[in-house]
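Chemist: Sending over model.cif (mmCIF, C-alpha atoms).
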```
data_work
loop_
_atom_site.label_atom_id
_atom_site.label_comp_id
_atom_site.auth_asym_id
_atom_site.auth_seq_id
_atom_site.Cartn_x
_atom_site.Cartn_y
_atom_site.Cartn_z
CA MET A 1 86.95 -11.57 212.33
CA LYS A 2 90.04 -10.94 214.45
CA LYS A 3 93.43 -11.33 212.84
CA ALA A 4 96.50 -12.98 214.29
CA LEU A 5 100.07 -13.09 213.04
CA LEU A 6 102.09 -16.22 213.74
CA ILE A 7 105.86 -15.73 213.86
CA GLY A 8 107.88 -18.90 213.89
CA ASN A 9 110.15 -21.32 212.08
CA ARG A 10 108.93 -23.65 209.42
CA ASP A 11 112.17 -25.55 209.52
CA CYS A 12 114.24 -25.70 212.69
CA ALA A 13 115.98 -29.00 213.26
CA GLY A 14 115.23 -30.50 216.62
CA TYR A 15 112.73 -27.83 217.58
CA MET A 16 109.06 -27.27 217.02
CA SER A 17 107.94 -25.90 213.71
CA ILE A 18 104.86 -23.80 213.29
CA ALA A 19 103.06 -26.41 211.23
CA ALA A 20 100.78 -27.61 214.03
CA ALA A 21 100.04 -24.08 215.25
CA GLU A 22 99.35 -22.85 211.75
CA LYS A 23 96.76 -25.56 211.30
CA ALA A 24 95.08 -25.54 214.71
CA LEU A 25 95.20 -21.95 215.96
CA PRO A 26 92.52 -20.52 213.66
CA GLU A 27 90.08 -23.12 214.84
CA ILE A 28 90.99 -22.89 218.53
CA LEU A 29 91.09 -19.10 218.75
CA GLY A 30 88.69 -18.19 215.97
CA TYR A 31 91.22 -15.78 214.44
CA ALA A 32 92.21 -15.45 210.81
CA LEU A 33 95.90 -16.28 210.70
CA ASP A 34 98.86 -14.94 208.74
CA THR A 35 102.36 -16.30 209.10
CA VAL A 36 105.87 -14.92 209.07
CA CYS A 37 108.59 -17.54 208.84
CA GLU A 38 112.34 -17.32 209.27
CA ASP A 39 112.87 -15.80 205.83
CA GLY A 40 110.72 -12.88 206.87
CA PHE A 41 111.96 -12.30 210.42
CA SER A 42 114.34 -9.51 209.52
CA SER A 43 111.72 -7.54 207.61
CA ILE A 44 109.10 -7.40 210.36
CA ALA A 45 107.97 -3.77 210.59
CA TYR A 46 105.57 -2.06 212.95
CA GLU A 47 103.56 -0.54 210.11
CA ASP A 48 102.88 -4.04 208.76
CA ILE A 49 101.94 -5.63 212.08
CA LYS A 50 100.15 -2.86 213.94
CA ASP A 51 96.67 -3.88 212.82
CA TYR A 52 96.90 -7.47 214.05
CA ASP A 53 94.77 -8.20 217.11
CA LEU A 54 97.29 -10.77 218.29
CA ILE A 55 100.84 -11.82 217.54
CA VAL A 56 101.80 -15.39 218.39
CA PHE A 57 105.56 -15.32 218.81
CA MET A 58 107.11 -18.78 218.72
CA PRO A 59 110.42 -18.74 216.84
CA CYS A 60 112.88 -21.44 217.87
CA ASP A 61 116.09 -19.55 217.15
CA TRP A 62 115.44 -15.83 217.60
CA LYS A 63 118.46 -15.44 219.84
CA ASP A 64 120.75 -16.88 217.20
CA ARG A 65 119.73 -14.31 214.59
CA ASP A 66 120.58 -10.68 214.22
CA ASN A 67 117.03 -9.49 214.81
CA LEU A 68 117.53 -6.16 216.50
CA ASP A 69 115.30 -4.19 214.15
CA ALA A 70 112.53 -6.77 214.20
CA SER A 71 112.70 -6.99 218.01
CA VAL A 72 112.29 -3.25 218.26
CA GLU A 73 109.32 -3.35 215.89
CA LEU A 74 107.64 -6.02 218.01
CA PHE A 75 108.33 -3.98 221.14
CA ARG A 76 106.72 -0.94 219.47
CA TYR A 77 103.68 -3.06 218.72
CA ILE A 78 103.29 -3.71 222.46
CA LEU A 79 104.00 -0.08 223.36
CA HIS A 80 101.12 0.93 221.11
CA GLY A 81 98.63 -1.48 222.61
CA GLY A 82 99.17 -4.79 220.87
CA ASN A 83 98.67 -8.28 222.29
CA MET A 84 101.37 -10.90 222.13
CA LEU A 85 101.39 -14.57 223.05
CA ILE A 86 104.96 -15.75 223.47
CA VAL A 87 105.32 -19.52 223.20
CA GLY A 88 108.08 -21.95 224.12
CA ASN A 89 111.45 -21.01 222.68
CA GLY A 90 110.03 -17.59 221.89
CA LEU A 91 110.78 -16.86 225.55
CA ASP A 92 114.48 -17.36 224.90
CA VAL A 93 115.49 -14.20 223.08
CA GLY A 94 119.11 -14.03 224.15
CA ASP A 95 120.27 -10.48 224.68
CA ARG A 96 117.22 -8.77 223.18
CA GLN A 97 116.41 -6.75 226.29
CA GLU A 98 113.33 -5.12 224.83
CA LEU A 99 111.67 -8.50 224.33
CA LYS A 100 112.84 -9.81 227.69
CA VAL A 101 111.21 -6.98 229.61
CA ILE A 102 107.80 -7.48 228.02
CA SER A 103 107.88 -11.15 228.96
CA ALA A 104 108.59 -10.05 232.54
CA SER A 105 110.51 -13.24 233.10
CA VAL A 106 114.01 -14.65 233.06
CA TYR A 107 114.35 -17.67 230.80
CA LYS A 108 116.13 -20.51 232.54
CA GLY A 109 116.00 -23.30 229.96
CA SER A 110 113.91 -26.28 228.96
CA SER A 111 113.82 -30.01 229.35
CA TYR A 112 112.80 -33.04 227.31
CA TYR A 113 109.38 -34.17 226.27
CA THR A 114 107.52 -35.35 229.32
CA GLU A 115 104.00 -35.74 230.59
CA LEU A 116 102.82 -32.60 232.30
CA ASP A 117 99.69 -31.72 234.24
CA ILE A 118 98.81 -28.15 233.34
CA GLU A 119 96.72 -26.90 236.23
CA PRO A 120 94.56 -23.76 236.09
CA THR A 121 94.55 -21.13 238.78
CA ASP A 122 91.27 -19.47 239.70
CA LEU A 123 91.98 -16.84 237.08
CA GLY A 124 92.83 -19.51 234.54
CA LYS A 125 89.56 -21.30 235.23
CA LYS A 126 87.62 -18.09 234.90
CA LEU A 127 89.24 -17.06 231.63
CA SER A 128 89.25 -20.48 230.00
CA GLY A 129 85.79 -21.40 231.21
CA CYS A 130 87.24 -24.75 232.15
CA ASP A 131 88.08 -26.06 235.63
CA GLU A 132 90.04 -29.04 234.52
CA THR A 133 93.70 -29.83 234.57
CA VAL A 134 95.09 -30.52 231.11
CA THR A 135 97.48 -33.44 230.75
CA VAL A 136 99.82 -33.30 227.78
CA ARG A 137 103.13 -34.63 226.63
CA ASP A 138 105.13 -31.53 225.89
CA ILE A 139 108.39 -29.70 226.46
CA PRO A 140 108.51 -27.70 229.68
CA HIS A 141 110.25 -24.35 229.58
CA PHE A 142 111.41 -22.85 232.85
CA VAL A 143 111.15 -19.18 233.69
CA LYS A 144 111.54 -17.09 236.80
CA PRO A 145 109.47 -13.96 237.24
CA ASP A 146 111.05 -10.55 236.98
CA VAL A 147 111.67 -8.85 240.31
CA PHE A 148 109.62 -5.78 239.45
CA LYS A 149 106.81 -6.88 237.27
CA THR A 150 103.94 -8.84 238.77
CA SER A 151 102.30 -11.19 236.32
CA ASP A 152 98.94 -12.88 236.51
CA LEU A 153 99.36 -16.63 236.72
CA LEU A 154 96.77 -18.56 234.73
CA TYR A 155 98.22 -22.08 234.56
CA SER A 156 101.12 -23.91 236.18
CA PHE A 157 102.83 -27.28 235.99
CA ARG A 158 104.99 -29.25 238.36
CA TYR A 159 108.37 -30.53 237.29
CA GLY A 160 109.92 -32.64 239.95
CA SER A 161 108.90 -31.04 243.19
CA VAL A 162 108.78 -27.50 241.86
CA SER A 163 105.83 -25.62 240.47
CA TYR A 164 106.53 -23.51 237.39
CA PRO A 165 104.36 -21.07 235.49
CA ALA A 166 102.83 -22.57 232.36
CA LEU A 167 100.80 -19.55 231.29
CA PHE A 168 101.23 -16.12 232.82
CA ALA A 169 100.31 -12.71 231.53
CA GLN A 170 100.82 -9.03 232.23
CA LYS A 171 100.11 -5.63 230.88
CA TRP A 172 103.15 -3.87 229.48
CA SER A 173 102.80 -0.24 228.53
CA ARG A 174 99.53 -0.08 226.57
CA GLY A 175 99.76 -3.70 225.46
CA LYS A 176 99.36 -7.14 226.96
CA VAL A 177 101.74 -10.06 226.85
CA ALA A 178 100.96 -13.68 227.72
CA CYS A 179 103.75 -16.22 228.02
CA MET A 180 103.26 -19.93 227.53
CA ALA A 181 106.13 -22.00 228.86
CA LEU A 182 105.27 -25.00 226.67
CA ASP A 183 105.59 -25.86 223.01
CA LEU A 184 102.61 -26.16 220.70
CA THR A 185 103.27 -29.46 218.98
CA SER A 186 100.98 -31.54 216.86
CA GLU A 187 100.64 -33.82 219.86
CA SER A 188 99.80 -31.16 222.45
CA ILE A 189 98.12 -28.25 220.74
CA CYS A 190 94.54 -29.50 220.70
CA ALA A 191 94.68 -30.59 224.33
CA LEU A 192 96.06 -27.13 225.19
CA ALA A 193 93.02 -25.40 223.69
CA PRO A 194 91.69 -24.26 227.12
CA VAL A 195 95.08 -22.72 227.90
CA LEU A 196 95.13 -20.88 224.58
CA LYS A 197 91.58 -19.70 225.10
CA ALA A 198 92.51 -18.41 228.54
CA ALA A 199 95.27 -16.34 226.94
CA ALA A 200 92.87 -14.97 224.32
CA ALA A 201 90.35 -14.10 227.03
CA TYR A 202 93.07 -12.28 228.97
CA PHE A 203 93.78 -10.10 225.94
CA ASN A 204 90.09 -9.30 225.65
CA SER A 205 89.63 -8.53 229.33
CA MET B 206 128.45 19.99 215.18
CA LYS B 207 127.11 19.80 218.71
CA LYS B 208 124.69 17.13 219.75
CA LYS B 209 121.41 18.05 221.40
CA LEU B 210 120.72 17.22 225.03
CA PHE B 211 117.43 17.54 226.89
CA LEU B 212 117.93 18.26 230.57
CA SER B 213 115.17 17.79 233.12
CA GLY B 214 115.39 18.76 236.77
CA ASP B 215 113.82 20.82 239.53
CA TYR B 216 114.42 24.50 240.17
CA THR B 217 111.29 25.53 241.96
CA PHE B 218 110.28 22.68 244.22
CA PRO B 219 113.20 20.33 244.71
CA LEU B 220 112.98 18.14 247.77
CA PHE B 221 116.63 17.15 248.09
CA HIS B 222 118.34 17.77 244.78
CA PRO B 223 117.92 21.21 243.27
CA LEU B 224 119.06 21.66 239.70
CA LYS B 225 120.26 25.15 240.55
CA ASN B 226 124.09 25.27 240.65
CA VAL B 227 124.23 21.68 239.39
CA ASP B 228 123.04 23.03 236.06
CA THR B 229 126.03 25.39 235.89
CA GLU B 230 128.39 22.46 236.29
CA ILE B 231 126.51 20.34 233.76
CA PHE B 232 126.66 23.14 231.21
CA ASP B 233 130.37 23.51 231.91
CA ILE B 234 131.08 19.77 231.64
CA LEU B 235 129.00 19.19 228.52
CA GLY B 236 128.83 22.60 226.87
CA ASN B 237 131.56 21.91 224.30
CA ASP B 238 129.74 18.83 223.08
CA PHE B 239 126.03 19.62 223.47
CA GLU B 240 123.36 22.21 222.95
CA PHE B 241 120.75 22.16 225.68
CA ALA B 242 117.01 22.31 226.08
CA LEU B 243 115.64 22.44 229.57
CA ASN B 244 112.47 21.29 231.28
CA THR B 245 111.78 21.93 234.91
CA GLU B 246 108.68 20.62 236.60
CA HIS B 247 106.33 20.91 233.62
CA PHE B 248 106.07 17.15 233.77
CA GLU B 249 102.76 16.78 231.96
CA SER B 250 104.45 18.09 228.83
CA LEU B 251 106.65 15.01 228.92
CA GLU B 252 103.73 12.70 228.09
CA ASP B 253 104.10 13.26 224.39
CA TYR B 254 107.30 15.17 224.27
CA GLU B 255 109.26 15.10 221.05
CA TYR B 256 112.37 13.52 222.48
CA GLU B 257 113.34 12.40 218.98
CA LYS B 258 114.72 15.89 218.39
CA PHE B 259 117.43 15.14 220.93
CA ASP B 260 120.46 12.90 220.86
CA THR B 261 120.22 12.19 224.56
CA VAL B 262 118.15 13.00 227.63
CA LEU B 263 119.65 13.72 231.04
CA LEU B 264 117.26 13.30 233.96
CA TYR B 265 118.02 14.91 237.31
CA ASN B 266 114.39 14.99 238.38
CA ASP B 267 113.83 15.03 242.10
CA HIS B 268 110.85 13.06 243.34
CA TRP B 269 109.27 13.21 239.93
CA ILE B 270 106.73 10.59 240.88
CA ASP B 271 105.40 12.69 243.74
CA LYS B 272 104.80 15.72 241.55
CA SER B 273 102.80 14.38 238.70
CA PRO B 274 99.88 11.95 238.43
CA THR B 275 100.77 10.83 234.93
CA VAL B 276 104.31 9.60 235.37
CA HIS B 277 103.51 6.23 233.81
CA GLN B 278 102.42 7.91 230.60
CA GLN B 279 105.47 10.15 230.69
CA VAL B 280 107.71 7.14 231.11
CA GLN B 281 106.20 5.54 227.99
CA SER B 282 107.43 8.43 225.89
CA LEU B 283 110.94 7.94 227.18
CA ILE B 284 110.88 4.19 226.66
CA HIS B 285 109.63 4.66 223.12
CA TYR B 286 112.38 7.19 222.45
CA VAL B 287 115.13 4.95 223.83
CA VAL B 288 114.07 1.77 222.07
CA ASN B 289 114.04 3.66 218.78
CA GLY B 290 117.61 4.83 219.26
CA GLY B 291 117.54 7.59 221.85
CA GLY B 292 119.94 8.01 224.74
CA LEU B 293 119.02 8.30 228.39
CA LEU B 294 121.31 9.33 231.23
CA VAL B 295 119.76 9.21 234.69
CA VAL B 296 121.88 10.93 237.31
CA HIS B 297 121.52 10.16 241.00
CA ASN B 298 117.76 10.41 241.45
CA PHE B 299 116.36 6.94 240.97
CA GLU B 300 112.69 7.86 241.24
CA PRO B 301 111.96 6.95 237.62
CA GLY B 302 112.64 3.39 238.72
CA VAL B 303 109.46 3.45 240.80
CA ASP B 304 107.64 2.86 237.53
CA TYR B 305 108.27 -0.84 236.93
CA GLU B 306 108.65 -0.56 233.19
CA MET B 307 111.19 2.18 233.61
CA ALA B 308 112.91 0.10 236.30
CA GLN B 309 113.27 -2.74 233.84
CA MET B 310 114.83 -0.42 231.26
CA LEU B 311 117.06 1.28 233.85
CA GLY B 312 118.14 -2.02 235.26
CA GLY B 313 117.03 -1.36 238.80
CA ALA B 314 115.11 0.66 241.33
CA LEU B 315 115.58 1.98 244.81
CA LYS B 316 114.97 -0.72 247.41
CA LYS B 317 113.95 1.82 249.96
CA THR B 318 113.41 5.52 250.28
CA LEU B 319 116.49 7.67 250.67
CA VAL B 320 117.23 8.40 254.31
CA PRO B 321 119.64 11.05 255.55
CA GLN B 322 121.99 8.65 257.27
CA ASN B 323 122.84 7.13 253.90
CA HIS B 324 124.81 10.30 253.13
CA ARG B 325 128.41 9.46 253.81
CA HIS B 326 131.97 9.34 252.55
CA ILE B 327 132.10 6.96 249.61
CA ASP B 328 135.08 5.66 247.65
CA TYR B 329 134.18 4.99 244.03
CA VAL B 330 136.31 2.63 241.97
CA PRO B 331 136.12 1.76 238.29
CA SER B 332 134.81 -1.74 237.77
CA GLY B 333 137.62 -2.70 235.41
CA THR B 334 135.42 -2.85 232.34
CA ASP B 335 136.83 -1.71 229.01
CA HIS B 336 133.57 0.09 228.22
CA PRO B 337 134.34 3.35 226.38
CA ILE B 338 132.59 5.38 229.09
CA MET B 339 135.32 4.47 231.55
CA LYS B 340 138.23 5.51 229.35
CA GLY B 341 140.41 7.83 231.40
CA VAL B 342 138.13 7.71 234.46
CA GLY B 343 139.96 6.99 237.69
CA PRO B 344 138.79 6.35 241.23
CA PHE B 345 137.38 9.21 243.27
CA SER B 346 135.74 9.92 246.60
CA LEU B 347 132.69 11.99 247.47
CA GLU B 348 130.38 12.78 250.33
CA ASP B 349 127.26 11.41 248.70
CA ASP B 350 124.22 9.17 249.12
CA LEU B 351 124.66 5.44 249.25
CA PHE B 352 121.59 3.95 247.59
CA ASP B 353 120.25 0.51 248.30
CA ILE B 354 119.37 -0.63 244.80
CA HIS B 355 117.21 -3.51 243.72
CA HIS B 356 118.86 -4.75 240.53
CA ASP B 357 116.77 -6.25 237.76
CA ARG B 358 118.28 -9.53 236.63
CA LEU B 359 116.34 -9.29 233.39
CA THR B 360 118.40 -6.44 232.09
CA GLU B 361 121.98 -7.08 231.14
CA LYS B 362 124.10 -4.20 232.24
CA THR B 363 127.76 -3.34 232.06
CA VAL B 364 128.82 -2.17 235.49
CA LEU B 365 131.02 0.88 235.16
CA LEU B 366 131.67 2.00 238.71
CA ASN B 367 131.44 0.47 242.16
CA ALA B 368 131.27 1.89 245.65
CA LYS B 369 133.77 0.31 247.98
CA ILE B 370 131.72 -0.61 251.05
CA GLU B 371 134.35 -2.64 252.84
CA GLU B 372 137.75 -3.97 251.90
CA ASP B 373 136.32 -6.81 249.85
CA ILE B 374 132.78 -5.59 249.16
CA GLU B 375 131.91 -3.39 246.21
CA VAL B 376 128.43 -2.51 244.99
CA PRO B 377 127.51 -1.17 241.54
CA MET B 378 126.99 2.56 241.41
CA ALA B 379 126.97 3.21 237.67
CA TRP B 380 126.14 1.04 234.71
CA ALA B 381 125.35 1.08 231.01
CA ILE B 382 122.61 -0.78 229.15
CA GLU B 383 121.83 -1.18 225.48
CA PHE B 384 118.04 -1.27 225.10
CA GLY B 385 116.56 -1.77 221.67
CA MET B 386 118.46 0.62 219.46
CA GLY B 387 119.10 3.02 222.32
CA ARG B 388 121.49 3.42 225.22
CA VAL B 389 120.88 3.98 228.90
CA VAL B 390 123.29 4.93 231.67
CA TYR B 391 122.61 5.31 235.35
CA ILE B 392 125.08 7.14 237.60
CA ALA B 393 124.35 7.01 241.31
CA PRO B 394 126.68 9.69 242.71
CA GLY B 395 125.56 13.27 242.24
CA HIS B 396 123.71 14.35 245.38
CA ASP B 397 124.78 17.96 245.07
CA VAL B 398 127.04 20.33 243.19
CA SER B 399 130.18 19.10 244.97
CA ALA B 400 130.02 15.81 243.02
CA PHE B 401 129.85 17.68 239.73
CA LYS B 402 133.06 19.52 240.59
CA ASP B 403 135.12 16.33 241.03
CA PRO B 404 137.48 15.88 238.03
CA GLU B 405 136.94 12.11 237.67
CA TYR B 406 133.18 12.44 238.08
CA ARG B 407 133.15 15.11 235.39
CA LYS B 408 134.95 12.74 233.01
CA LEU B 409 132.45 9.99 233.83
CA LEU B 410 129.48 12.27 233.24
CA ARG B 411 130.84 13.61 229.96
CA ASN B 412 131.71 10.15 228.64
CA ALA B 413 128.29 8.83 229.69
CA ALA B 414 126.48 11.67 227.94
CA LEU B 415 128.54 11.19 224.79
CA TRP B 416 128.02 7.42 224.79
CA THR B 417 124.27 7.68 225.23
CA ALA B 418 124.28 10.17 222.34
CA GLY B 419 126.10 7.63 220.19
CA GLU B 420 129.36 9.53 220.12
CA LEU B 421 131.64 6.98 221.80
#
```
Show me this structure written as structure tokens.
Modeler:
Amino acid sequence: MKKALLIGNRDCAGYMSIAAAEKALPEILGYALDTVCEDGFSSIAYEDIKDYDLIVFMPCDWKDRDNLDASVELFRYILHGGNMLIVGNGLDVGDRQELKVISASVYKGSSYYTELDIEPTDLGKKLSGCDETVTVRDIPHFVKPDVFKTSDLLYSFRYGSVSYPALFAQKWSRGKVACMALDLTSESICALAPVLKAAAAYFNS
Amino acid sequence: MKKKLFLSGDYTFPLFHPLKNVDTEIFDILGNDFEFALNTEHFESLEDYEYEKFDTVLLYNDHWIDKSPTVHQQVQSLIHYVVNGGGLLVVHNFEPGVDYEMAQMLGGALKKTLVPQNHRHIDYVPSGTDHPIMKGVGPFSLEDDLFDIHHDRLTEKTVLLNAKIEEDIEVPMAWAIEFGMGRVVYIAPGHDVSAFKDPEYRKLLRNAALWTAGEL
């Protein structure tokens, strides 16, 4: 069975905790799941994470912590061929350049809970095996693509009159990184199963 | 104790920027501070090169990407080295930025291929930053190439030096980036040996090499 490591906050006032993801991800993705919470962020080491098939990176306050060493270890994991799904506030890593480049996007902020239609592209449909738009109540995160790196867009949502990437992915060095510009809350995570499966299929492609 | 610097450039088949004669100036500028190892045009050896033995790497490779089919793999070695604490100083030749991952780490890439008419008189002015690289470096002028650079907004850089294009227009020509545990500097001027003889440029180059090696 494949193994995933979930990195996120168990307790982060006002932001999503990993509780819903911890419960639902094994069933949605079919991966055995380990977890690293905020107490363990600073001790993340490449030697300990290198054998995971997937890292789900969804901390809510990475940019507020002194996580240089851990950021470098996660970057090494990608350099050596790892797969990472970056979720929600995990896209906002402050001045950690090495994590910004693998996301191939500039984080622009987020808004409040709102109803969103998460629409698959052709690639998203192919990878998820599902043609349908997913409607969820979730927090939209806004990113702009990097000028150099071309990502594959799998899902998008509209906020106001503008279309934003909801799930996009790219190869980086020997690894692959998928970025999900939504949270995974107890309310949204099950409905977002096709989106998560599309990300998993991208890593396996 | 001297730091160790790995210098890469082209002696045999340079297109525009031979290392010959430039190397003499580099050795003169940096020789009190560094011991050198040299690689010229054996690019495949860079795929798994042991950069960790060095405190910093100075690239003056000329059209590197045209000379080797495995540049992407070679770039990975450099990225790995920098993120783990290595130093990288790229002088003038921006070809490494053709590789997008390297461009992200360098903070930019050439927008378009160098053309001869971009060689011109250029006034370089310090940006005003208090970055240690710029300590004691004053303005200077050179006959050099004016590159049209596509800056990566992902990478936060400290601009060190600008080229004065018009009275009120300045464009970045040198910058410093902290990437992972390592340090990267790009310096645009340096087309030929005349740049390396300019006193202010020499200070800039020395300070940049020392900073990327963790000495400033």
Chemist: With all atoms listed in the file as the counted atoms, please give the residues lying no more than 10 Å from A:Arg65, apart from itself and same-chain residues fewer than 4 positions off, as a PyMOL selection string.
Modeler: chain A and resi 38+41-42+61+93-94
Chemist: With C-alpha atoms kept, could you save the residues just selected as a PDB file, in the frame of the given file?
Modeler:
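File written: result17.pdb
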```
ATOM      1  CA  GLU A  38     112.340 -17.320 209.270  1.00  0.00           C
ATOM      2  CA  PHE A  41     111.960 -12.300 210.420  1.00  0.00           C
ATOM      3  CA  SER A  42     114.340  -9.510 209.520  1.00  0.00           C
ATOM      4  CA  ASP A  61     116.090 -19.550 217.150  1.00  0.00           C
ATOM      5  CA  VAL A  93     115.490 -14.200 223.080  1.00  0.00           C
ATOM      6  CA  GLY A  94     119.110 -14.030 224.150  1.00  0.00           C
TER       7      GLY A  94
END
```
Chemist: Show me, as a Markdown table, the residues of stretch 64-140 of chain A having an atom within 6 Å of stretch 164-181 of chain A, each with the closest atom pair and its distance in Å, using only C-alpha atoms.
Modeler:
```
| residue | atom | partner | partner_atom | distance |
| --- | --- | --- | --- | --- |
| A:Ile78 | CA | A:Gly175 | CA | 4.6 |
| A:Leu79 | CA | A:Ser173 | CA | 5.3 |
| A:His80 | CA | A:Arg174 | CA | 5.8 |
| A:Gly81 | CA | A:Gly175 | CA | 3.8 |
| A:Gly82 | CA | A:Gly175 | CA | 4.8 |
| A:Asn83 | CA | A:Lys176 | CA | 4.9 |
| A:Met84 | CA | A:Val177 | CA | 4.8 |
| A:Leu85 | CA | A:Ala178 | CA | 4.8 |
| A:Ile86 | CA | A:Cys179 | CA | 4.7 |
| A:Val87 | CA | A:Met180 | CA | 4.8 |
| A:Gly88 | CA | A:Ala181 | CA | 5.1 |
```
Chemist: As an MDAnalysis selection string, could you give me every residue of chain B near chain A (at most 12 Å apart, counting all atoms listed in the file)?
Modeler: chainID B and resid 277:290 302:316 355:362 382:389
Chemist: Please write as a list in words the full residue list that the PyMOL selection byres ((chain B and resi 393) around 7) yields on this file.
Modeler: Val296, His297, Met378, Ala379, Tyr391, Ile392, Pro394 and Gly395 of chain B
Chemist: Using only C-alpha atoms for the distances, tell me which of A:Asp53, A:Asp11, A:Asp138, A:Glu22 is nearest to A:Leu182.
Modeler: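 Of A:Asp53, A:Asp11, A:Asp138, A:Glu22, the one nearest A:Leu182, counting only C-alpha atoms, is A:Asp138.
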Chemist: Evaluating the PyMOL selection byres ((chain B and resi 260) around 10) on the displayed file yields which residues, as a compact mmCIF listing (two decimals) with C-alpha atoms, in the frame of the given file?
Modeler:
```txt
# COMPACT_ATOMS: atom_id res chain seq x y z
CA LYS B 207 127.11 19.80 218.71
CA LYS B 208 124.69 17.13 219.75
CA LYS B 209 121.41 18.05 221.40
CA LEU B 210 120.72 17.22 225.03
CA PHE B 211 117.43 17.54 226.89
CA PHE B 239 126.03 19.62 223.47
CA GLU B 240 123.36 22.21 222.95
CA TYR B 256 112.37 13.52 222.48
CA GLU B 257 113.34 12.40 218.98
CA LYS B 258 114.72 15.89 218.39
CA PHE B 259 117.43 15.14 220.93
CA THR B 261 120.22 12.19 224.56
CA VAL B 262 118.15 13.00 227.63
CA GLY B 290 117.61 4.83 219.26
CA GLY B 291 117.54 7.59 221.85
CA GLY B 292 119.94 8.01 224.74
CA LEU B 293 119.02 8.30 228.39
CA ALA B 414 126.48 11.67 227.94
CA LEU B 415 128.54 11.19 224.79
CA THR B 417 124.27 7.68 225.23
CA ALA B 418 124.28 10.17 222.34
CA GLY B 419 126.10 7.63 220.19
CA GLU B 420 129.36 9.53 220.12
```
Chemist: Calculated over all atoms listed in the file, which of the candidates A:Tyr46, A:Phe157, A:Tyr113, A:Tyr52 has the smallest distance to A:Thr185?
Modeler: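 Smallest distance to A:Thr185 is found for A:Tyr113.
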Chemist: Any chance you could resolve the PyMOL selection byres ((chain B and resi 215) around 7) against this file and give the residues as a VMD selection string?
Modeler: chain B and resid 214 216 to 219 223 to 224 245 to 246 266 to 267
Chemist: Expressed in Å to a single decimal, how great is the separation between atom CA of A:Ile44 and atom CA of A:Tyr31?
Modeler: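 It comes out at 20.2 Å.
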Chemist: Which distance in Å separates atom CA of A:Asp152 and atom CA of A:Lys125, to one decimal?
Modeler: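 Computing the Euclidean distance for atom CA of A:Asp152 and atom CA of A:Lys125 yields 12.7 Å.
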Chemist: Any idea what's packed within 9 Å of A:Pro59, counting all atoms listed in the file, ignoring anything in its chain fewer than 5 positions away? Could you give it as an MDAnalysis selection string?
Modeler: chainID A and resid 7:9 12 16:18 37:38 87:91
Chemist: Would you kindly identify which residues have an atom no farther than 12 Å from (89.0, -12.7, 208.9), using all atoms listed in the file and the file's own coordinates, and write them out as a list in words?
Modeler: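 Applying the cut-off with all atoms listed in the file, one gets Met1, Lys2, Lys3, Ala4, Leu5, Pro26, Leu29, Gly30, Tyr31, Ala32, Leu33, Asp34, Tyr52 and Asp53 of chain A.
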Chemist: Just how far from atom CA of A:Ile118 is atom CA of A:Ala19, in Å to one decimal?
Modeler: 22.6 Å
Chemist: Skipping near chain neighbours, those fewer than 4 positions away, what residues fall within 7 Å of B:Val364 using only C-alpha atoms, listed as a PyMOL selection string?
Modeler: chain B and resi 332+377+379-381
